[in-house]
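Asks: Dropping in final-v9.txt, which is compact mmCIF, C-alpha atoms:
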```txt
# COMPACT_ATOMS: atom_id res chain seq x y z
CA MET M 1 67.65 -42.89 5.58
CA LYS M 2 70.90 -43.32 7.49
CA PRO M 3 74.04 -41.47 6.39
CA ILE M 4 76.12 -43.31 3.87
CA GLY M 5 79.07 -45.13 5.39
CA LYS M 6 82.67 -44.03 5.04
CA LYS M 7 83.54 -47.05 2.88
CA GLN M 8 82.16 -45.20 -0.14
CA THR M 9 84.35 -42.09 0.28
CA SER M 10 86.12 -42.75 -3.02
CA LEU M 11 82.79 -42.67 -4.83
CA VAL M 12 81.67 -39.54 -2.93
CA MET M 13 77.91 -39.23 -3.55
CA GLY M 14 75.35 -39.13 -6.31
CA ARG M 15 74.51 -41.27 -9.27
CA ARG M 16 76.87 -39.75 -11.81
CA THR M 17 79.87 -40.18 -9.54
CA PHE M 18 78.69 -43.72 -8.87
CA LEU M 19 78.38 -44.44 -12.59
CA SER M 20 81.86 -43.09 -13.28
CA GLY M 21 83.25 -45.22 -10.48
CA ALA M 22 81.45 -48.28 -11.79
CA THR M 23 82.91 -47.71 -15.24
CA ALA M 24 86.40 -47.55 -13.78
CA LEU M 25 85.72 -50.87 -12.07
CA GLY M 26 84.69 -52.45 -15.36
CA ALA M 27 80.94 -52.37 -14.85
CA GLY M 28 80.38 -51.01 -18.34
CA LEU M 29 78.31 -47.99 -17.28
CA SER M 30 78.62 -44.39 -18.34
CA ALA M 31 76.80 -41.17 -17.56
CA PRO M 32 74.46 -39.97 -18.80
CA ALA M 33 72.94 -43.24 -19.97
CA ILE M 34 74.71 -44.39 -23.15
CA ILE M 35 75.78 -41.88 -25.77
CA SER M 36 74.72 -42.81 -29.27
CA ARG M 37 77.36 -44.25 -31.57
CA ALA M 38 76.55 -41.60 -34.16
CA ALA M 39 77.45 -38.80 -31.77
CA ALA M 40 80.56 -40.61 -30.54
CA ALA M 41 81.93 -41.11 -34.05
CA GLY M 42 82.34 -37.42 -34.75
CA PRO M 43 80.29 -34.83 -36.65
CA SER M 44 77.94 -36.41 -39.17
CA VAL M 45 76.26 -34.83 -42.17
CA ILE M 46 73.13 -34.40 -40.06
CA ALA M 47 75.07 -32.85 -37.18
CA LEU M 48 76.70 -30.38 -39.55
CA ARG M 49 73.31 -29.55 -41.06
CA ASP M 50 71.92 -28.82 -37.60
CA ARG M 51 74.91 -27.09 -36.03
CA ASP M 52 72.92 -23.84 -35.86
CA LEU M 53 70.04 -25.43 -33.91
CA PRO M 54 68.94 -23.30 -30.91
CA PHE M 55 68.16 -25.08 -27.64
CA VAL M 56 65.93 -24.61 -24.63
CA ALA M 57 67.15 -26.96 -21.89
CA THR M 58 64.13 -27.89 -19.81
CA GLU M 59 65.53 -29.77 -16.78
CA GLU M 60 68.50 -27.88 -15.38
CA THR M 61 69.26 -27.75 -11.68
CA TYR M 62 70.56 -25.28 -9.11
CA THR M 63 71.14 -25.29 -5.36
CA THR M 64 72.22 -22.97 -2.55
CA ASP M 65 74.25 -23.51 0.62
CA GLU M 66 71.00 -23.37 2.59
CA LEU M 67 69.40 -26.03 0.40
CA ILE M 68 72.50 -28.24 0.60
CA ALA M 69 72.46 -27.98 4.39
CA LEU M 70 68.81 -29.05 4.39
CA ASN M 71 69.04 -32.03 2.04
CA ALA M 72 72.60 -33.39 2.11
CA ILE M 73 72.88 -36.81 3.75
CA ASN M 74 76.37 -36.36 5.16
CA ASP M 75 79.62 -34.41 4.70
CA GLU M 76 80.59 -36.43 1.63
CA HIS M 77 77.29 -35.52 0.00
CA VAL M 78 77.89 -31.83 0.80
CA ALA M 79 81.29 -31.99 -0.86
CA TYR M 80 79.85 -33.71 -3.94
CA LEU M 81 77.03 -31.20 -4.38
CA LYS M 82 79.43 -28.28 -4.09
CA GLU M 83 81.82 -29.82 -6.61
CA THR M 84 79.14 -30.20 -9.29
CA GLY M 85 78.66 -26.47 -9.85
CA LEU M 86 75.00 -26.63 -8.85
CA ALA M 87 75.21 -23.31 -7.02
CA GLU M 88 76.96 -21.46 -9.85
CA LEU M 89 74.42 -19.32 -11.68
CA GLY M 90 76.72 -16.70 -13.13
CA PRO M 91 79.42 -16.41 -15.79
CA ASP M 92 80.69 -20.00 -15.52
CA ARG M 93 77.28 -21.47 -16.21
CA ILE M 94 76.63 -18.99 -19.00
CA ALA M 95 79.98 -19.90 -20.56
CA ALA M 96 79.10 -23.60 -20.44
CA MET M 97 75.74 -22.84 -22.04
CA ASP M 98 77.44 -20.84 -24.78
CA GLU M 99 79.93 -23.62 -25.47
CA ALA M 100 77.10 -26.14 -25.74
CA GLY M 101 74.92 -23.85 -27.85
CA ILE M 102 72.13 -23.68 -25.27
CA ASN M 103 70.12 -20.48 -25.47
CA VAL M 104 67.92 -20.92 -22.38
CA GLN M 105 68.04 -23.02 -19.23
CA ILE M 106 64.87 -23.59 -17.22
CA LEU M 107 66.05 -23.84 -13.64
CA SER M 108 64.73 -25.95 -10.78
CA ALA M 109 65.84 -26.47 -7.19
CA HIS M 110 67.82 -29.57 -6.40
CA THR M 111 65.76 -32.61 -5.31
CA PRO M 112 63.73 -32.59 -3.08
CA GLY M 113 63.67 -28.82 -2.81
CA VAL M 114 61.78 -27.75 0.32
CA GLN M 115 58.86 -30.14 0.00
CA ASP M 116 59.83 -32.16 3.10
CA VAL M 117 59.91 -29.05 5.31
CA PRO M 118 56.71 -28.42 7.31
CA GLY M 119 54.75 -25.29 8.11
CA GLN M 120 55.75 -21.67 7.75
CA GLU M 121 59.43 -22.57 7.46
CA SER M 122 58.74 -24.28 4.13
CA ILE M 123 56.60 -21.39 2.87
CA ASP M 124 59.32 -18.86 3.69
CA PHE M 125 62.09 -21.06 2.28
CA ALA M 126 60.30 -21.57 -1.05
CA TYR M 127 59.68 -17.84 -1.36
CA ARG M 128 63.36 -17.05 -0.67
CA LEU M 129 64.55 -19.52 -3.30
CA ASN M 130 62.12 -18.26 -5.92
CA LYS M 131 62.99 -14.62 -5.28
CA MET M 132 66.70 -15.44 -5.35
CA ILE M 133 66.30 -16.87 -8.85
CA ALA M 134 64.05 -14.05 -10.07
CA ASP M 135 66.19 -11.24 -8.68
CA GLY M 136 69.49 -12.99 -9.40
CA PRO M 137 70.23 -14.95 -12.59
CA MET M 138 66.93 -14.18 -14.35
CA LYS M 139 67.54 -10.47 -13.93
CA ALA M 140 71.31 -10.56 -14.49
CA TYR M 141 71.05 -12.56 -17.73
CA PRO M 142 67.74 -11.60 -19.35
CA GLY M 143 66.35 -14.34 -21.56
CA ARG M 144 69.01 -16.90 -20.65
CA PHE M 145 67.26 -18.30 -17.58
CA GLN M 146 63.65 -19.23 -16.87
CA ALA M 147 62.51 -21.19 -13.81
CA TYR M 148 60.06 -23.61 -12.25
CA ALA M 149 58.73 -22.46 -8.89
CA THR M 150 59.83 -24.27 -5.76
CA LEU M 151 56.74 -24.97 -3.66
CA PRO M 152 56.06 -25.67 0.05
CA LEU M 153 54.17 -28.82 -0.83
CA GLN M 154 53.38 -29.83 2.74
CA ASP M 155 50.79 -27.02 2.46
CA PRO M 156 48.88 -27.39 -0.84
CA GLU M 157 46.98 -24.10 -0.47
CA ALA M 158 50.19 -22.19 0.22
CA SER M 159 51.78 -23.99 -2.76
CA ALA M 160 48.98 -22.83 -5.04
CA ASP M 161 49.42 -19.26 -3.80
CA GLU M 162 53.21 -19.31 -4.21
CA LEU M 163 52.87 -20.77 -7.70
CA GLU M 164 50.52 -17.97 -8.69
CA ARG M 165 52.76 -15.32 -7.15
CA ALA M 166 55.89 -16.72 -8.84
CA VAL M 167 54.15 -16.90 -12.23
CA ARG M 168 52.44 -13.51 -12.09
CA GLU M 169 55.11 -11.47 -10.30
CA ASP M 170 58.36 -13.14 -11.36
CA GLY M 171 57.50 -14.72 -14.69
CA PHE M 172 58.11 -18.34 -13.70
CA VAL M 173 56.97 -20.92 -16.24
CA GLY M 174 55.58 -23.65 -13.98
CA ALA M 175 56.44 -25.68 -10.89
CA MET M 176 58.76 -28.54 -10.00
CA THR M 177 57.75 -31.36 -7.66
CA ASN M 178 59.94 -34.21 -6.46
CA GLY M 179 58.16 -37.50 -5.98
CA PHE M 180 56.48 -38.41 -2.72
CA ILE M 181 55.16 -35.56 -0.60
CA GLY M 182 55.30 -37.21 2.78
CA GLU M 183 53.52 -40.44 1.91
CA LYS M 184 51.27 -39.02 -0.82
CA PHE M 185 51.41 -38.33 -4.55
CA LEU M 186 49.77 -35.42 -6.33
CA ASP M 187 46.68 -37.50 -7.11
CA HIS M 188 45.68 -37.28 -3.43
CA PRO M 189 42.64 -35.00 -2.89
CA ASP M 190 44.77 -32.77 -0.63
CA PHE M 191 46.55 -31.42 -3.71
CA GLU M 192 43.49 -30.40 -5.69
CA PRO M 193 44.06 -26.70 -4.89
CA LEU M 194 47.49 -26.86 -6.54
CA LEU M 195 46.27 -28.78 -9.59
CA ALA M 196 43.36 -26.41 -10.04
CA ARG M 197 45.61 -23.35 -9.78
CA ALA M 198 48.17 -24.72 -12.24
CA GLU M 199 45.39 -25.38 -14.75
CA ALA M 200 43.90 -21.92 -14.22
CA LEU M 201 47.30 -20.27 -14.68
CA GLY M 202 48.03 -22.37 -17.76
CA VAL M 203 51.42 -23.54 -16.47
CA PRO M 204 52.76 -27.11 -16.22
CA ILE M 205 53.98 -29.11 -13.25
CA TYR M 206 57.23 -31.00 -13.76
CA LEU M 207 57.08 -34.42 -12.07
CA HIS M 208 60.69 -34.94 -11.06
CA PRO M 209 61.41 -38.09 -9.03
CA GLY M 210 62.39 -38.09 -5.37
CA PHE M 211 63.53 -40.52 -2.73
CA PRO M 212 60.87 -42.75 -1.16
CA PRO M 213 59.56 -42.55 2.40
CA ASP M 214 61.21 -44.89 4.88
CA LYS M 215 58.53 -47.57 4.77
CA VAL M 216 58.72 -47.80 0.96
CA PHE M 217 62.52 -47.77 1.07
CA ASP M 218 62.56 -50.57 3.64
CA ILE M 219 60.22 -52.81 1.62
CA TYR M 220 61.58 -52.22 -1.87
CA TYR M 221 65.19 -51.10 -1.60
CA ARG M 222 66.80 -52.03 1.71
CA THR M 223 68.96 -55.11 1.15
CA THR M 224 71.09 -57.12 3.54
CA ARG M 225 74.24 -59.03 2.79
CA PRO M 226 76.43 -60.05 5.72
CA GLY M 227 79.83 -58.38 5.75
CA TYR M 228 78.98 -55.61 3.29
CA ASP M 229 77.95 -51.99 3.84
CA GLN M 230 75.15 -51.46 1.33
CA GLU M 231 73.91 -47.98 2.23
CA PHE M 232 75.39 -46.30 -0.86
CA GLN M 233 74.23 -49.13 -3.11
CA ASN M 234 70.69 -48.98 -1.76
CA TYR M 235 70.61 -45.19 -2.00
CA ILE M 236 71.31 -45.41 -5.74
CA PHE M 237 68.98 -48.42 -6.12
CA SER M 238 66.09 -46.41 -4.65
CA GLY M 239 66.98 -43.32 -6.67
CA SER M 240 68.45 -42.65 -10.05
CA GLY M 241 69.70 -46.19 -10.63
CA TYR M 242 66.18 -47.59 -10.75
CA GLY M 243 63.56 -46.50 -8.24
CA TRP M 244 63.12 -42.91 -9.39
CA HIS M 245 61.93 -43.86 -12.84
CA GLN M 246 59.40 -46.43 -11.68
CA GLU M 247 58.06 -43.94 -9.13
CA VAL M 248 57.38 -41.18 -11.68
CA LEU M 249 55.58 -43.54 -14.05
CA THR M 250 53.51 -44.81 -11.12
CA GLN M 251 52.53 -41.24 -10.21
CA CYS M 252 51.56 -40.52 -13.83
CA LEU M 253 49.26 -43.55 -13.90
CA ARG M 254 47.74 -42.64 -10.55
CA LEU M 255 46.92 -39.15 -11.82
CA ILE M 256 45.20 -40.67 -14.84
CA ILE M 257 43.23 -43.45 -13.20
CA THR M 258 42.05 -41.32 -10.25
CA GLY M 259 40.49 -38.90 -12.73
CA ALA M 260 42.73 -35.87 -12.13
CA PHE M 261 42.74 -35.01 -15.83
CA ASP M 262 38.99 -35.49 -16.14
CA LYS M 263 38.52 -32.94 -13.35
CA TYR M 264 41.27 -30.65 -14.72
CA PRO M 265 41.32 -31.47 -18.45
CA ASN M 266 43.76 -28.70 -19.40
CA LEU M 267 46.28 -29.55 -16.66
CA GLN M 268 49.72 -30.27 -18.11
CA MET M 269 52.52 -32.35 -16.60
CA ILE M 270 56.13 -32.81 -17.71
CA ILE M 271 58.21 -35.93 -17.13
CA GLY M 272 61.91 -36.28 -17.90
CA HIS M 273 64.44 -39.01 -18.60
CA MET M 274 62.91 -39.90 -21.97
CA GLY M 275 59.52 -40.73 -20.47
CA GLU M 276 60.67 -42.52 -17.30
CA GLY M 277 60.20 -45.96 -18.87
CA LEU M 278 56.82 -45.20 -20.46
CA PRO M 279 57.96 -46.00 -24.04
CA PHE M 280 59.07 -49.49 -22.97
CA TYR M 281 55.86 -50.20 -21.05
CA TYR M 282 53.42 -48.26 -23.25
CA GLU M 283 51.76 -51.14 -25.07
CA ARG M 284 51.58 -53.24 -21.91
CA ILE M 285 50.03 -50.39 -19.88
CA VAL M 286 47.48 -49.42 -22.51
CA GLY M 287 46.73 -53.01 -23.47
CA ASP M 288 46.19 -54.28 -19.93
CA MET M 289 44.66 -51.23 -18.25
CA SER M 290 42.35 -49.77 -20.89
CA GLU M 291 39.47 -52.17 -20.31
CA SER M 292 39.56 -51.88 -16.53
CA THR M 293 39.46 -48.06 -16.70
CA GLU M 294 37.02 -47.72 -19.61
CA ASP M 295 33.97 -46.93 -17.46
CA ALA M 296 35.90 -44.81 -14.97
CA LEU M 297 37.52 -42.28 -17.33
CA ASN M 298 36.24 -39.78 -19.87
CA LYS M 299 38.78 -40.85 -22.49
CA PRO M 300 40.77 -43.96 -23.40
CA LEU M 301 43.65 -44.32 -20.95
CA GLY M 302 46.35 -43.91 -23.59
CA GLN M 303 44.90 -40.60 -24.74
CA TYR M 304 45.93 -38.88 -21.51
CA PHE M 305 49.60 -39.55 -22.27
CA SER M 306 49.13 -37.52 -25.45
CA ASP M 307 46.85 -34.80 -24.07
CA ASN M 308 48.23 -34.06 -20.60
CA PHE M 309 51.92 -34.94 -20.60
CA TRP M 310 55.13 -33.56 -22.10
CA TYR M 311 58.41 -35.47 -22.20
CA THR M 312 62.06 -34.42 -22.03
CA THR M 313 65.30 -36.06 -23.10
CA SER M 314 67.09 -35.16 -19.85
CA ALA M 315 70.19 -37.31 -19.22
CA PHE M 316 69.12 -40.02 -21.68
CA PHE M 317 71.12 -39.23 -24.79
CA GLN M 318 70.20 -42.36 -26.75
CA ASP M 319 68.87 -42.40 -30.31
CA GLU M 320 66.99 -45.65 -29.84
CA LEU M 321 65.12 -44.39 -26.78
CA LEU M 322 64.14 -41.16 -28.51
CA HIS M 323 62.82 -43.08 -31.52
CA LEU M 324 60.91 -45.44 -29.23
CA LEU M 325 59.33 -42.48 -27.42
CA LEU M 326 58.35 -40.95 -30.75
CA ARG M 327 56.71 -44.23 -31.75
CA TYR M 328 54.01 -43.59 -29.14
CA ILE M 329 54.16 -39.84 -28.43
CA SER M 330 53.84 -37.00 -30.93
CA VAL M 331 56.96 -35.02 -31.69
CA ASP M 332 54.89 -32.00 -30.67
CA ARG M 333 55.10 -33.19 -27.04
CA VAL M 334 58.84 -33.86 -26.68
CA MET M 335 61.37 -31.30 -25.44
CA PHE M 336 65.14 -31.19 -25.06
CA GLY M 337 66.76 -31.31 -21.62
CA THR M 338 70.20 -32.19 -20.30
CA ASP M 339 69.89 -32.62 -16.50
CA TYR M 340 72.80 -30.23 -15.97
CA PRO M 341 75.07 -30.27 -14.02
CA PHE M 342 74.59 -34.00 -13.52
CA ALA M 343 74.94 -34.50 -17.26
CA ASP M 344 77.14 -32.60 -19.68
CA MET M 345 75.36 -29.91 -21.69
CA LYS M 346 77.71 -30.07 -24.66
CA GLN M 347 77.46 -33.84 -24.78
CA GLY M 348 73.70 -33.47 -24.89
CA THR M 349 73.55 -30.92 -27.69
CA GLU M 350 76.16 -32.75 -29.76
CA TRP M 351 74.16 -35.95 -29.41
CA PHE M 352 70.92 -34.30 -30.47
CA ARG M 353 72.47 -32.49 -33.44
CA ALA M 354 73.51 -35.91 -34.77
CA VAL M 355 70.10 -37.58 -34.30
CA ASP M 356 68.56 -38.69 -37.60
CA LEU M 357 65.27 -36.81 -37.67
CA PRO M 358 63.85 -34.25 -40.09
CA ARG M 359 64.93 -30.70 -39.38
CA GLU M 360 61.38 -29.64 -38.55
CA ALA M 361 61.05 -32.36 -35.93
CA LYS M 362 64.38 -31.47 -34.37
CA GLU M 363 63.46 -27.81 -34.15
CA LYS M 364 60.28 -28.75 -32.29
CA ILE M 365 62.19 -30.84 -29.76
CA ALA M 366 65.13 -28.47 -29.41
CA TYR M 367 63.16 -25.29 -28.73
CA ARG M 368 59.84 -24.75 -30.48
CA ASN M 369 57.76 -27.02 -28.20
CA ALA M 370 59.24 -25.31 -25.14
CA GLU M 371 58.43 -21.91 -26.60
CA LYS M 372 54.84 -23.03 -27.06
CA LEU M 373 54.38 -24.67 -23.67
CA PHE M 374 56.11 -22.01 -21.59
CA GLY M 375 55.12 -18.94 -23.61
CA ILE M 376 58.72 -17.87 -24.13
CA LYS M 377 60.77 -16.89 -27.16
CA VAL M 378 64.32 -17.96 -27.96
```
Mind converting the file's structure to structure tokens?
Replies:
Amino acid sequence: MKPIGKKQTSLVMGRRTFLSGATALGAGLSAPAIISRAAAAGPSVIALRDRDLPFVATEETYTTDELIALNAINDEHVAYLKETGLAELGPDRIAAMDEAGINVQILSAHTPGVQDVPGQESIDFAYRLNKMIADGPMKAYPGRFQAYATLPLQDPEASADELERAVREDGFVGAMTNGFIGEKFLDHPDFEPLLARAEALGVPIYLHPGFPPDKVFDIYYRTTRPGYDQEFQNYIFSGSGYGWHQEVLTQCLRLIITGAFDKYPNLQMIIGHMGEGLPFYYERIVGDMSESTEDALNKPLGQYFSDNFWYTTSAFFQDELLHLLLRYISVDRVMFGTDYPFADMKQGTEWFRAVDLPREAKEKIAYRNAEKLFGIKV
């Protein structure tokens, strides 16, 4: 993708800056998503009841100067990423966690991590990042940080080995992937070594979205309008504004219908952003695809969404979306997340404290489900 043009300097880079700029221009957007009216109105009876609720935040991001240099699109993007606080993993982040009431953050490298880097360079880079987290914030603040392993996904065998090393040696709780790996998803047979190892280790893979390969971008997201520079617009269109969420749901369905969970029945995946559109499409997907997959799968298609996936609230602080997710997915499979630093931690915890759910259900989402899945204790 070409660097973003200078016309967008005032908006810098990234979806949250874009959303803020759009709001200022009267577009009616806010980040993250739309905050519930209950949370905006001030502390409710429910929020006061649940003010002591502990939290495990399950999609929280970090970066390094080396990672920024690898993945930034241009100088404006570099400046944006440095301004967010992504690289701060010390007292400032801990203070923000304390203010929000977050007990534990589960860290992951900024999209797309190192998965676009080939060969030994990627293997070495992933190892450096994982060791930096293990020997840095995880050691400096015991119990406050956990992490998903960054993997050299161009090499599936090496990824499986690094996942096992990170889990066994450094106590990591799973792995993070970021959308397309080259021009493949995880359902491709090349990635069977990684899926098999994750199942054997009993750790989940978080399916974070990523930007599409050029040929997909050109077909779906490249637009032309004479007299206008649309690079920034199309970047957001292909990413967090729309494309990311469709891409993750597509990957989930591919994993199901290609039989990945029949071959690895205990394999667990996590998806964020309140299910990446699944709650909206659930009845359509199950209704239209169940018959066509009946003879190809060991279980009804919809059952895999309950048996092999976990869901987080990251960046989607909306009551109605949470209730829609819970209409189709058990509360035992939903976890809290904020998407920090791209979304505000305190905003997220204040929203969730005000959500009208039984205390037992809120405890499961806030921290108990994460304790169970990751084998940790708040």
Asks: Hey, what's within 10 Å of range 363-371 of chain M if we count all atoms listed in the file and toss same-chain stuff fewer than 4 positions away? As a PyMOL selection string, please?
Replies: chain M and resi 50+53-58+102-104+106+310-313+331-337+349+352-353+357-359+375-378
Asks: Excluding Leu107 in chain M and its own-chain neighbours fewer than 3 positions away, which residues fall within 12 Å of it when counting all atoms listed in the file? Please give them as an MDAnalysis selection string.
Replies: chainID M and resid 56:63 86:89 93 104 110 129:130 132:134 137:138 144:150 172:176 206 337:341
Asks: Leaving out Asp190 in chain M and any residue of its chain fewer than 3 positions from it, which residues lie within 12 Å of it when counting all atoms listed in the file, given as a PyMOL selection string?
Replies: chain M and resi 153-160+181-187+193-196
Asks: So how many Å separate CA of Ala296 in chain M and CA of Leu324 in chain M, to one decimal?
Replies: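 The value is 28.8 Å.
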Asks: Would you please work out which residue, of M:Ser238, M:Gln251, M:Asn266, M:Thr223, is nearest to Ala198 in chain M when using only C-alpha atoms?
Replies: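 Smallest separation from Ala198 in chain M among the options: M:Asn266.
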Asks: May I ask for the distance between CA of Pro209 in chain M and CA of Gly101 in chain M, given in Å to one decimal place?
Replies: 27.2 Å
Asks: Have a look at M:Gly171, M:Pro226, M:Gly90, M:Pro152 and name the one nearest to Gln120 in chain M; count all atoms listed in the file.
Replies: M:Pro152
Asks: Have a look at M:Pro43, M:Pro300, M:Gly241, M:Gly272 and name the one nearest to Ile256 in chain M; count only C-alpha atoms.
Replies: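 Ranked by minimum distance to Ile256 in chain M, first place goes to M:Pro300.
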Asks: From the options M:Pro112, M:Trp351, M:Asp356, M:Ile94, which residue's atoms come nearest to Ile68 in chain M, counting all atoms listed in the file?
Replies: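 Answer, going by the shortest atom-to-atom distance: M:Pro112.
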Asks: If you measure from CA of Phe217 in chain M to CA of Gly239 in chain M, what distance in Å do you get, rounded to one decimal?
Replies: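 Between CA of Phe217 in chain M and CA of Gly239 in chain M the gap is 10.0 Å.
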Asks: Writing N, CA and C atoms and nothing else, produce range 210-234 of chain M as a short mmCIF file (atom, residue, chain, number, x, y, z; two decimals), in the first residue's frame.
Replies:
```
data_model
loop_
_atom_site.label_atom_id
_atom_site.label_comp_id
_atom_site.auth_asym_id
_atom_site.auth_seq_id
_atom_site.Cartn_x
_atom_site.Cartn_y
_atom_site.Cartn_z
N GLY M 210 -6.01 -7.94 10.29
CA GLY M 210 -4.85 -7.29 9.70
C GLY M 210 -5.21 -6.72 8.34
N PHE M 211 -4.30 -5.97 7.76
CA PHE M 211 -4.59 -5.36 6.47
C PHE M 211 -4.45 -6.39 5.35
N PRO M 212 -5.27 -6.25 4.31
CA PRO M 212 -5.30 -7.27 3.25
C PRO M 212 -4.09 -7.18 2.33
N PRO M 213 -3.80 -8.28 1.62
CA PRO M 213 -2.77 -8.23 0.58
C PRO M 213 -3.21 -7.30 -0.54
N ASP M 214 -2.24 -6.87 -1.34
CA ASP M 214 -2.51 -5.84 -2.35
C ASP M 214 -3.65 -6.21 -3.28
N LYS M 215 -3.71 -7.47 -3.73
CA LYS M 215 -4.74 -7.83 -4.70
C LYS M 215 -6.14 -7.76 -4.09
N VAL M 216 -6.26 -8.10 -2.82
CA VAL M 216 -7.56 -7.97 -2.13
C VAL M 216 -7.89 -6.49 -1.93
N PHE M 217 -6.89 -5.72 -1.51
CA PHE M 217 -7.10 -4.29 -1.31
C PHE M 217 -7.57 -3.63 -2.61
N ASP M 218 -6.92 -3.98 -3.71
CA ASP M 218 -7.26 -3.34 -4.99
C ASP M 218 -8.68 -3.67 -5.43
N ILE M 219 -9.13 -4.89 -5.19
CA ILE M 219 -10.47 -5.30 -5.62
C ILE M 219 -11.55 -4.73 -4.71
N TYR M 220 -11.33 -4.81 -3.41
CA TYR M 220 -12.39 -4.46 -2.46
C TYR M 220 -12.35 -3.01 -1.98
N TYR M 221 -11.16 -2.44 -1.82
CA TYR M 221 -11.07 -1.20 -1.05
C TYR M 221 -10.46 -0.01 -1.79
N ARG M 222 -9.81 -0.24 -2.92
CA ARG M 222 -9.24 0.90 -3.63
C ARG M 222 -10.35 1.60 -4.41
N THR M 223 -10.56 2.87 -4.13
CA THR M 223 -11.59 3.65 -4.81
C THR M 223 -10.94 4.79 -5.57
N THR M 224 -11.62 5.28 -6.55
CA THR M 224 -11.12 6.41 -7.34
C THR M 224 -12.20 7.46 -7.45
N ARG M 225 -11.79 8.68 -7.24
CA ARG M 225 -12.69 9.82 -7.37
C ARG M 225 -11.84 11.00 -7.83
N PRO M 226 -12.01 11.44 -9.05
CA PRO M 226 -11.13 12.48 -9.60
C PRO M 226 -11.06 13.71 -8.70
N GLY M 227 -9.82 14.17 -8.48
CA GLY M 227 -9.62 15.38 -7.70
C GLY M 227 -9.48 15.18 -6.21
N TYR M 228 -9.57 13.94 -5.74
CA TYR M 228 -9.48 13.68 -4.31
C TYR M 228 -8.39 12.65 -4.03
N ASP M 229 -7.64 12.87 -2.97
CA ASP M 229 -6.65 11.90 -2.50
C ASP M 229 -7.35 10.99 -1.50
N GLN M 230 -7.51 9.72 -1.85
CA GLN M 230 -8.31 8.82 -1.03
C GLN M 230 -7.49 7.77 -0.29
N GLU M 231 -6.17 7.93 -0.23
CA GLU M 231 -5.35 6.90 0.39
C GLU M 231 -5.71 6.69 1.86
N PHE M 232 -5.87 7.78 2.61
CA PHE M 232 -6.20 7.64 4.03
C PHE M 232 -7.58 7.01 4.19
N GLN M 233 -8.53 7.49 3.39
CA GLN M 233 -9.89 6.94 3.44
C GLN M 233 -9.88 5.44 3.16
N ASN M 234 -9.17 5.02 2.14
CA ASN M 234 -9.17 3.61 1.76
C ASN M 234 -8.43 2.76 2.78
#
```
